[in-house]
$ cat work_30.cif   # mmCIF, C-alpha atoms, pLDDT in the B column; chains and numbers go by the auth columns
data_target
#
loop_
_atom_site.group_PDB
_atom_site.id
_atom_site.type_symbol
_atom_site.label_atom_id
_atom_site.label_comp_id
_atom_site.label_asym_id
_atom_site.label_seq_id
_atom_site.Cartn_x
_atom_site.Cartn_y
_atom_site.Cartn_z
_atom_site.B_iso_or_equiv
_atom_site.auth_seq_id
_atom_site.auth_asym_id
ATOM 1 C CA MET A 1 -6.883 -9.758 -0.568 51.00 1 V
ATOM 2 C CA ALA A 2 -6.724 -10.538 3.129 57.00 2 V
ATOM 3 C CA ILE A 3 -4.587 -8.392 5.360 62.00 3 V
ATOM 4 C CA THR A 4 -1.419 -10.179 6.393 65.00 4 V
ATOM 5 C CA LYS A 5 -1.159 -10.973 10.089 75.00 5 V
ATOM 6 C CA ILE A 6 2.182 -9.769 11.382 76.00 6 V
ATOM 7 C CA ALA A 7 3.624 -11.927 14.147 76.00 7 V
ATOM 8 C CA ASP A 8 4.898 -10.332 17.330 80.00 8 V
ATOM 9 C CA VAL A 9 8.292 -8.748 16.818 76.00 9 V
ATOM 10 C CA VAL A 10 10.344 -10.626 19.377 75.00 10 V
ATOM 11 C CA ASN A 11 13.725 -10.565 17.669 76.00 11 V
ATOM 12 C CA HIS A 12 15.768 -8.964 14.916 73.00 12 V
ATOM 13 C CA ARG A 13 14.718 -11.483 12.260 77.00 13 V
ATOM 14 C CA ALA A 14 11.020 -10.981 13.115 81.00 14 V
ATOM 15 C CA LEU A 15 11.481 -7.203 12.869 81.00 15 V
ATOM 16 C CA LEU A 16 12.950 -7.424 9.380 80.00 16 V
ATOM 17 C CA THR A 17 10.312 -9.972 8.319 83.00 17 V
ATOM 18 C CA ALA A 18 7.479 -7.765 9.600 85.00 18 V
ATOM 19 C CA LEU A 19 8.817 -4.653 7.866 83.00 19 V
ATOM 20 C CA ASN A 20 9.232 -6.520 4.597 83.00 20 V
ATOM 21 C CA ALA A 21 5.716 -7.979 4.874 85.00 21 V
ATOM 22 C CA ILE A 22 4.249 -4.502 5.434 84.00 22 V
ATOM 23 C CA ARG A 23 6.137 -3.139 2.425 82.00 23 V
ATOM 24 C CA ALA A 24 5.101 -6.045 0.185 84.00 24 V
ATOM 25 C CA GLU A 25 1.436 -5.857 1.182 85.00 25 V
ATOM 26 C CA THR A 26 1.363 -2.093 0.681 83.00 26 V
ATOM 27 C CA GLU A 27 2.907 -2.489 -2.773 82.00 27 V
ATOM 28 C CA CYS A 28 0.252 -5.090 -3.638 83.00 28 V
ATOM 29 C CA ARG A 29 -2.553 -2.804 -2.491 83.00 29 V
ATOM 30 C CA GLN A 30 -0.915 0.025 -4.433 83.00 30 V
ATOM 31 C CA GLU A 31 -1.234 -2.023 -7.615 83.00 31 V
ATOM 32 C CA ASP A 32 -4.886 -2.851 -6.864 85.00 32 V
ATOM 33 C CA VAL A 33 -5.844 0.771 -6.286 85.00 33 V
ATOM 34 C CA ASP A 34 -3.884 1.888 -9.348 86.00 34 V
ATOM 35 C CA ASN A 35 -5.970 -0.540 -11.438 89.00 35 V
ATOM 36 C CA LEU A 36 -9.165 0.740 -9.800 88.00 36 V
ATOM 37 C CA ALA A 37 -8.242 4.355 -10.589 87.00 37 V
ATOM 38 C CA ALA A 38 -7.544 3.486 -14.221 89.00 38 V
ATOM 39 C CA TRP A 39 -10.820 1.556 -14.541 90.00 39 V
ATOM 40 C CA ALA A 40 -12.826 4.354 -12.913 89.00 40 V
ATOM 41 C CA GLY A 41 -11.245 6.967 -15.179 88.00 41 V
ATOM 42 C CA GLU A 42 -12.123 4.929 -18.254 91.00 42 V
ATOM 43 C CA MET A 43 -15.673 4.265 -17.057 91.00 43 V
ATOM 44 C CA THR A 44 -16.220 7.949 -16.271 89.00 44 V
ATOM 45 C CA ALA A 45 -15.316 8.887 -19.843 91.00 45 V
ATOM 46 C CA ARG A 46 -17.567 6.126 -21.215 92.00 46 V
ATOM 47 C CA MET A 47 -20.544 7.163 -19.086 90.00 47 V
ATOM 48 C CA HIS A 48 -20.178 10.812 -20.104 90.00 48 V
ATOM 49 C CA GLY A 49 -20.055 9.631 -23.727 92.00 49 V
ATOM 50 C CA VAL A 50 -23.223 7.589 -23.228 91.00 50 V
ATOM 51 C CA ALA A 51 -24.972 10.608 -21.680 90.00 51 V
ATOM 52 C CA GLU A 52 -23.998 12.749 -24.673 91.00 52 V
ATOM 53 C CA GLU A 53 -25.199 10.104 -27.130 92.00 53 V
ATOM 54 C CA LEU A 54 -28.523 9.752 -25.306 91.00 54 V
ATOM 55 C CA GLN A 55 -28.954 13.502 -25.291 90.00 55 V
ATOM 56 C CA ALA A 56 -28.238 13.598 -29.045 93.00 56 V
ATOM 57 C CA LEU A 57 -30.932 10.932 -29.520 92.00 57 V
ATOM 58 C CA ASN A 58 -33.382 13.161 -27.626 92.00 58 V
ATOM 59 C CA VAL A 59 -33.823 10.656 -24.793 90.00 59 V
ATOM 60 C CA ASP A 60 -35.651 12.191 -21.840 92.00 60 V
ATOM 61 C CA THR A 61 -33.557 14.487 -19.669 92.00 61 V
ATOM 62 C CA TYR A 62 -34.223 12.366 -16.560 93.00 62 V
ATOM 63 C CA THR A 63 -32.444 9.352 -18.111 92.00 63 V
ATOM 64 C CA VAL A 64 -29.602 11.520 -19.433 90.00 64 V
ATOM 65 C CA GLY A 65 -29.274 13.101 -15.997 91.00 65 V
ATOM 66 C CA ASN A 66 -29.125 9.703 -14.303 92.00 66 V
ATOM 67 C CA ILE A 67 -26.351 8.542 -16.619 91.00 67 V
ATOM 68 C CA ALA A 68 -24.451 11.781 -15.960 90.00 68 V
ATOM 69 C CA ALA A 69 -24.930 11.265 -12.209 92.00 69 V
ATOM 70 C CA VAL A 70 -23.483 7.755 -12.478 91.00 70 V
ATOM 71 C CA ALA A 71 -20.518 9.217 -14.367 91.00 71 V
ATOM 72 C CA ASP A 72 -20.024 11.758 -11.573 92.00 72 V
ATOM 73 C CA LEU A 73 -20.132 8.994 -8.945 92.00 73 V
ATOM 74 C CA ILE A 74 -17.519 7.002 -10.830 91.00 74 V
ATOM 75 C CA ALA A 75 -15.419 10.156 -11.205 91.00 75 V
ATOM 76 C CA GLY A 76 -15.590 10.534 -7.419 92.00 76 V
ATOM 77 C CA GLN A 77 -14.432 6.944 -7.068 89.00 77 V
ATOM 78 C CA ALA A 78 -11.532 7.679 -9.418 88.00 78 V
ATOM 79 C CA GLY A 79 -10.584 10.693 -7.297 91.00 79 V
ATOM 80 C CA ALA A 80 -10.727 8.651 -4.100 91.00 80 V
ATOM 81 C CA ALA A 81 -8.610 5.933 -5.725 87.00 81 V
ATOM 82 C CA ALA A 82 -6.047 8.542 -6.787 87.00 82 V
ATOM 83 C CA ARG A 83 -5.853 9.862 -3.215 90.00 83 V
ATOM 84 C CA TYR A 84 -5.557 6.309 -1.874 87.00 84 V
ATOM 85 C CA LYS A 85 -2.777 5.679 -4.420 86.00 85 V
ATOM 86 C CA ALA A 86 -0.924 8.740 -3.151 88.00 86 V
ATOM 87 C CA ALA A 87 -1.262 7.419 0.408 88.00 87 V
ATOM 88 C CA THR A 88 0.058 3.995 -0.626 84.00 88 V
ATOM 89 C CA ASP A 89 2.988 5.678 -2.397 86.00 89 V
ATOM 90 C CA THR A 90 3.882 7.309 0.912 89.00 90 V
ATOM 91 C CA SER A 91 3.349 4.059 2.834 84.00 91 V
ATOM 92 C CA VAL A 92 5.541 2.040 0.470 83.00 92 V
ATOM 93 C CA THR A 93 8.322 4.600 0.784 87.00 93 V
ATOM 94 C CA GLN A 94 8.046 4.664 4.577 88.00 94 V
ATOM 95 C CA ALA A 95 7.962 0.867 4.884 82.00 95 V
ATOM 96 C CA ALA A 96 10.975 0.468 2.588 83.00 96 V
ATOM 97 C CA THR A 97 12.859 3.148 4.506 88.00 97 V
ATOM 98 C CA ALA A 98 12.020 1.526 7.844 85.00 98 V
ATOM 99 C CA ALA A 99 13.194 -1.870 6.565 81.00 99 V
ATOM 100 C CA ARG A 100 16.466 -0.433 5.253 83.00 100 V
ATOM 101 C CA THR A 101 17.035 1.545 8.444 84.00 101 V
ATOM 102 C CA ALA A 102 16.307 -1.445 10.679 80.00 102 V
ATOM 103 C CA HIS A 103 18.597 -3.635 8.615 75.00 103 V
ATOM 104 C CA ARG A 104 21.390 -1.068 8.555 77.00 104 V
ATOM 105 C CA ASN A 105 21.151 0.163 12.160 74.00 105 V
ATOM 106 C CA HIS A 106 20.316 -3.130 13.833 68.00 106 V
ATOM 107 C CA GLY A 107 23.008 -4.859 11.809 64.00 107 V
ATOM 108 C CA ARG A 108 25.542 -2.495 13.375 68.00 108 V
ATOM 109 C CA ILE A 109 24.072 -3.091 16.811 67.00 109 V
ATOM 110 C CA GLN A 110 24.399 -6.821 16.204 65.00 110 V
ATOM 111 C CA ASP A 111 28.068 -6.324 15.310 69.00 111 V
ATOM 112 C CA ALA A 112 28.615 -4.382 18.537 70.00 112 V
ATOM 113 C CA VAL A 113 26.823 -7.059 20.583 68.00 113 V
ATOM 114 C CA ASP A 114 28.913 -9.780 18.944 70.00 114 V
ATOM 115 C CA ASP A 115 32.148 -7.868 19.631 73.00 115 V
ATOM 116 C CA ALA A 116 31.331 -7.047 23.264 72.00 116 V
ATOM 117 C CA ASP A 117 33.282 -8.840 25.965 72.00 117 V
ATOM 118 C CA VAL A 118 30.613 -8.189 28.566 69.00 118 V
ATOM 119 C CA PRO A 119 28.289 -11.223 28.867 61.00 119 V
ATOM 120 C CA MET A 120 25.200 -9.167 29.668 54.00 120 V
ATOM 121 C CA ALA A 121 25.643 -7.282 26.390 52.00 121 V
ATOM 122 C CA LYS A 122 24.694 -10.459 24.535 56.00 122 V
ATOM 123 C CA ASN A 123 21.111 -9.771 23.641 59.00 123 V
ATOM 124 C CA THR A 124 18.851 -12.602 22.497 65.00 124 V
ATOM 125 C CA PHE A 125 16.958 -10.155 20.285 64.00 125 V
ATOM 126 C CA TYR A 126 19.659 -10.741 17.657 60.00 126 V
ATOM 127 C CA ARG A 127 20.082 -14.487 18.155 62.00 127 V
ATOM 128 C CA ALA A 128 16.537 -15.798 18.681 61.00 128 V
ATOM 129 C CA GLU A 129 14.872 -17.721 15.880 57.00 129 V
#

$ encode --input "work_30.cif" --output "structure tokens"
Amino acid sequence: MAITKIADVVNHRALLTALNAIRAETECRQEDVDNLAAWAGEMTARMHGVAEELQALNVDTYTVGNIAAVADLIAGQAGAAARYKAATDTSVTQAATAARTAHRNHGRIQDAVDDADVPMAKNTFYRAE
């Protein structure tokens, strides 16, 4: 999946769009890495099972050791995926919080700008397309 290009944040609408795009992309990556972690966990168990079966068949220890080493590598991948998943959990939460905060706080600022009688208080940040 390609990384989404976020346009310059030049107004309120662009800010909310950018924050929502970041949240959506992070959630998508979270799903991908969750699938990778599940696959790696399953493959680790399978490879350890294969190593045990080969050992029971009296296959040479070098081959059994190689299979066990592959299982260990996949287990490392599963661990890395789990850590990446934890990082995406944090990122999704932060992106969602930032989007809610920007919507809530900037919405109030927009109300204040709209209610102001002073012409220079009219900020194009809230009106620009």

$ residues_around --input "work_30.cif" --residues "Asn20 in chain V" --least-positions-apart "5" --cutoff "8 Å" --atoms "all atoms listed in the file" --output "PyMOL selection string"
chain V and resi 95-96+99

$ residues_around --input "work_30.cif" --residues "Val92 in chain V" --least-positions-apart "2" --cutoff "8 Å" --atoms "all atoms listed in the file" --output "JSON list (two decimals) with C-alpha atoms, keeping the file's coordinate frame"
[["chain", "number", "residue", "atom", "x", "y", "z"],
["V", 23, "ARG", "CA", 6.14, -3.14, 2.42],
["V", 26, "THR", "CA", 1.36, -2.09, 0.68],
["V", 27, "GLU", "CA", 2.91, -2.49, -2.77],
["V", 88, "THR", "CA", 0.06, 4.00, -0.63],
["V", 89, "ASP", "CA", 2.99, 5.68, -2.40],
["V", 90, "THR", "CA", 3.88, 7.31, 0.91],
["V", 94, "GLN", "CA", 8.05, 4.66, 4.58],
["V", 95, "ALA", "CA", 7.96, 0.87, 4.88],
["V", 96, "ALA", "CA", 10.98, 0.47, 2.59]]

$ residues_near_point --input "work_30.cif" --point "(-19.8, 7.1, -12.6)" --cutoff "9 Å" --atoms "only C-alpha atoms" --output "NGL selection string"
:V and (40-41 or 43-48 or 67-78)

$ write_last_selection --input "work_30.cif" --atoms "C-alpha atoms" --output "PDB file, in the coordinates of the input"
ATOM      1  CA  ALA V  40     -12.826   4.354 -12.913  1.00 89.00           C
ATOM      2  CA  GLY V  41     -11.245   6.967 -15.179  1.00 88.00           C
ATOM      3  CA  MET V  43     -15.673   4.265 -17.057  1.00 91.00           C
ATOM      4  CA  THR V  44     -16.220   7.949 -16.271  1.00 89.00           C
ATOM      5  CA  ALA V  45     -15.316   8.887 -19.843  1.00 91.00           C
ATOM      6  CA  ARG V  46     -17.567   6.126 -21.215  1.00 92.00           C
ATOM      7  CA  MET V  47     -20.544   7.163 -19.086  1.00 90.00           C
ATOM      8  CA  HIS V  48     -20.178  10.812 -20.104  1.00 90.00           C
ATOM      9  CA  ILE V  67     -26.351   8.542 -16.619  1.00 91.00           C
ATOM     10  CA  ALA V  68     -24.451  11.781 -15.960  1.00 90.00           C
ATOM     11  CA  ALA V  69     -24.930  11.265 -12.209  1.00 92.00           C
ATOM     12  CA  VAL V  70     -23.483   7.755 -12.478  1.00 91.00           C
ATOM     13  CA  ALA V  71     -20.518   9.217 -14.367  1.00 91.00           C
ATOM     14  CA  ASP V  72     -20.024  11.758 -11.573  1.00 92.00           C
ATOM     15  CA  LEU V  73     -20.132   8.994  -8.945  1.00 92.00           C
ATOM     16  CA  ILE V  74     -17.519   7.002 -10.830  1.00 91.00           C
ATOM     17  CA  ALA V  75     -15.419  10.156 -11.205  1.00 91.00           C
ATOM     18  CA  GLY V  76     -15.590  10.534  -7.419  1.00 92.00           C
ATOM     19  CA  GLN V  77     -14.432   6.944  -7.068  1.00 89.00           C
ATOM     20  CA  ALA V  78     -11.532   7.679  -9.418  1.00 88.00           C
TER      21      ALA V  78
END

$ atom_distance --input "work_30.cif" --atom1 "CA of Ala24 in chain V" --atom2 "CA of Lys85 in chain V"
14.9 Å

$ closest_residue --input "work_30.cif" --among "V:Val64, V:Arg13, V:Ile6, V:Ser91" --to "Cys28 in chain V" --atoms "all atoms listed in the file"
V:Ser91

$ atom_distance --input "work_30.cif" --atom1 "CA of Ala80 in chain V" --atom2 "CA of Thr61 in chain V"
28.2 Å

$ atom_distance --input "work_30.cif" --atom1 "CA of Glu42 in chain V" --atom2 "CA of Gly79 in chain V"
12.5 Å

$ closest_residue --input "work_30.cif" --among "V:Ala38, V:Leu15, V:Val33, V:Val9" --to "Ala86 in chain V" --atoms "all atoms listed in the file"
V:Val33

$ build_atoms --input "work_30.cif" --residues "range 21-54 of chain V" --atoms "N, CA and C atoms" --output "JSON list (two decimals), in the coordinates of the input"
[["chain", "number", "residue", "atom", "x", "y", "z"],
["V", 21, "ALA", "N", 7.10, -7.58, 5.14],
["V", 21, "ALA", "CA", 5.72, -7.98, 4.87],
["V", 21, "ALA", "C", 4.83, -6.76, 4.70],
["V", 22, "ILE", "N", 5.03, -5.75, 5.54],
["V", 22, "ILE", "CA", 4.25, -4.50, 5.43],
["V", 22, "ILE", "C", 4.52, -3.83, 4.09],
["V", 23, "ARG", "N", 5.78, -3.76, 3.70],
["V", 23, "ARG", "CA", 6.14, -3.14, 2.42],
["V", 23, "ARG", "C", 5.52, -3.91, 1.26],
["V", 24, "ALA", "N", 5.63, -5.23, 1.28],
["V", 24, "ALA", "CA", 5.10, -6.04, 0.18],
["V", 24, "ALA", "C", 3.58, -5.93, 0.08],
["V", 25, "GLU", "N", 2.90, -5.96, 1.21],
["V", 25, "GLU", "CA", 1.44, -5.86, 1.18],
["V", 25, "GLU", "C", 1.00, -4.48, 0.69],
["V", 26, "THR", "N", 1.70, -3.44, 1.12],
["V", 26, "THR", "CA", 1.36, -2.09, 0.68],
["V", 26, "THR", "C", 1.59, -1.96, -0.82],
["V", 27, "GLU", "N", 2.66, -2.54, -1.33],
["V", 27, "GLU", "CA", 2.91, -2.49, -2.77],
["V", 27, "GLU", "C", 1.80, -3.22, -3.54],
["V", 28, "CYS", "N", 1.33, -4.33, -3.00],
["V", 28, "CYS", "CA", 0.25, -5.09, -3.64],
["V", 28, "CYS", "C", -1.04, -4.26, -3.66],
["V", 29, "ARG", "N", -1.35, -3.65, -2.55],
["V", 29, "ARG", "CA", -2.55, -2.80, -2.49],
["V", 29, "ARG", "C", -2.40, -1.60, -3.42],
["V", 30, "GLN", "N", -1.18, -1.10, -3.54],
["V", 30, "GLN", "CA", -0.92, 0.02, -4.43],
["V", 30, "GLN", "C", -1.26, -0.36, -5.87],
["V", 31, "GLU", "N", -0.92, -1.56, -6.27],
["V", 31, "GLU", "CA", -1.23, -2.02, -7.62],
["V", 31, "GLU", "C", -2.75, -2.16, -7.80],
["V", 32, "ASP", "N", -3.43, -2.71, -6.79],
["V", 32, "ASP", "CA", -4.89, -2.85, -6.86],
["V", 32, "ASP", "C", -5.58, -1.50, -7.04],
["V", 33, "VAL", "N", -5.18, -0.53, -6.24],
["V", 33, "VAL", "CA", -5.84, 0.77, -6.29],
["V", 33, "VAL", "C", -5.47, 1.53, -7.56],
["V", 34, "ASP", "N", -4.28, 1.29, -8.08],
["V", 34, "ASP", "CA", -3.88, 1.89, -9.35],
["V", 34, "ASP", "C", -4.78, 1.36, -10.47],
["V", 35, "ASN", "N", -5.06, 0.05, -10.45],
["V", 35, "ASN", "CA", -5.97, -0.54, -11.44],
["V", 35, "ASN", "C", -7.38, 0.01, -11.28],
["V", 36, "LEU", "N", -7.84, 0.18, -10.04],
["V", 36, "LEU", "CA", -9.16, 0.74, -9.80],
["V", 36, "LEU", "C", -9.26, 2.17, -10.34],
["V", 37, "ALA", "N", -8.24, 2.97, -10.10],
["V", 37, "ALA", "CA", -8.24, 4.36, -10.59],
["V", 37, "ALA", "C", -8.30, 4.39, -12.11],
["V", 38, "ALA", "N", -7.54, 3.53, -12.76],
["V", 38, "ALA", "CA", -7.54, 3.49, -14.22],
["V", 38, "ALA", "C", -8.92, 3.07, -14.74],
["V", 39, "TRP", "N", -9.50, 2.02, -14.13],
["V", 39, "TRP", "CA", -10.82, 1.56, -14.54],
["V", 39, "TRP", "C", -11.86, 2.67, -14.35],
["V", 40, "ALA", "N", -11.83, 3.31, -13.20],
["V", 40, "ALA", "CA", -12.83, 4.35, -12.91],
["V", 40, "ALA", "C", -12.68, 5.53, -13.88],
["V", 41, "GLY", "N", -11.45, 5.89, -14.21],
["V", 41, "GLY", "CA", -11.24, 6.97, -15.18],
["V", 41, "GLY", "C", -11.82, 6.62, -16.54],
["V", 42, "GLU", "N", -11.59, 5.38, -16.96],
["V", 42, "GLU", "CA", -12.12, 4.93, -18.25],
["V", 42, "GLU", "C", -13.65, 4.89, -18.23],
["V", 43, "MET", "N", -14.22, 4.36, -17.16],
["V", 43, "MET", "CA", -15.67, 4.26, -17.06],
["V", 43, "MET", "C", -16.33, 5.64, -16.99],
["V", 44, "THR", "N", -15.68, 6.59, -16.33],
["V", 44, "THR", "CA", -16.22, 7.95, -16.27],
["V", 44, "THR", "C", -16.35, 8.52, -17.68],
["V", 45, "ALA", "N", -15.29, 8.38, -18.46],
["V", 45, "ALA", "CA", -15.32, 8.89, -19.84],
["V", 45, "ALA", "C", -16.41, 8.19, -20.65],
["V", 46, "ARG", "N", -16.53, 6.87, -20.48],
["V", 46, "ARG", "CA", -17.57, 6.13, -21.22],
["V", 46, "ARG", "C", -18.98, 6.59, -20.83],
["V", 47, "MET", "N", -19.21, 6.76, -19.54],
["V", 47, "MET", "CA", -20.54, 7.16, -19.09],
["V", 47, "MET", "C", -20.89, 8.57, -19.58],
["V", 48, "HIS", "N", -19.91, 9.47, -19.57],
["V", 48, "HIS", "CA", -20.18, 10.81, -20.10],
["V", 48, "HIS", "C", -20.49, 10.72, -21.60],
["V", 49, "GLY", "N", -19.78, 9.84, -22.30],
["V", 49, "GLY", "CA", -20.06, 9.63, -23.73],
["V", 49, "GLY", "C", -21.45, 9.09, -23.96],
["V", 50, "VAL", "N", -21.87, 8.15, -23.12],
["V", 50, "VAL", "CA", -23.22, 7.59, -23.23],
["V", 50, "VAL", "C", -24.26, 8.69, -22.99],
["V", 51, "ALA", "N", -24.03, 9.52, -21.97],
["V", 51, "ALA", "CA", -24.97, 10.61, -21.68],
["V", 51, "ALA", "C", -25.09, 11.55, -22.87],
["V", 52, "GLU", "N", -23.97, 11.86, -23.50],
["V", 52, "GLU", "CA", -24.00, 12.75, -24.67],
["V", 52, "GLU", "C", -24.74, 12.09, -25.83],
["V", 53, "GLU", "N", -24.51, 10.81, -26.05],
["V", 53, "GLU", "CA", -25.20, 10.10, -27.13],
["V", 53, "GLU", "C", -26.70, 10.05, -26.88],
["V", 54, "LEU", "N", -27.09, 9.78, -25.63],
["V", 54, "LEU", "CA", -28.52, 9.75, -25.31],
["V", 54, "LEU", "C", -29.16, 11.12, -25.49]]
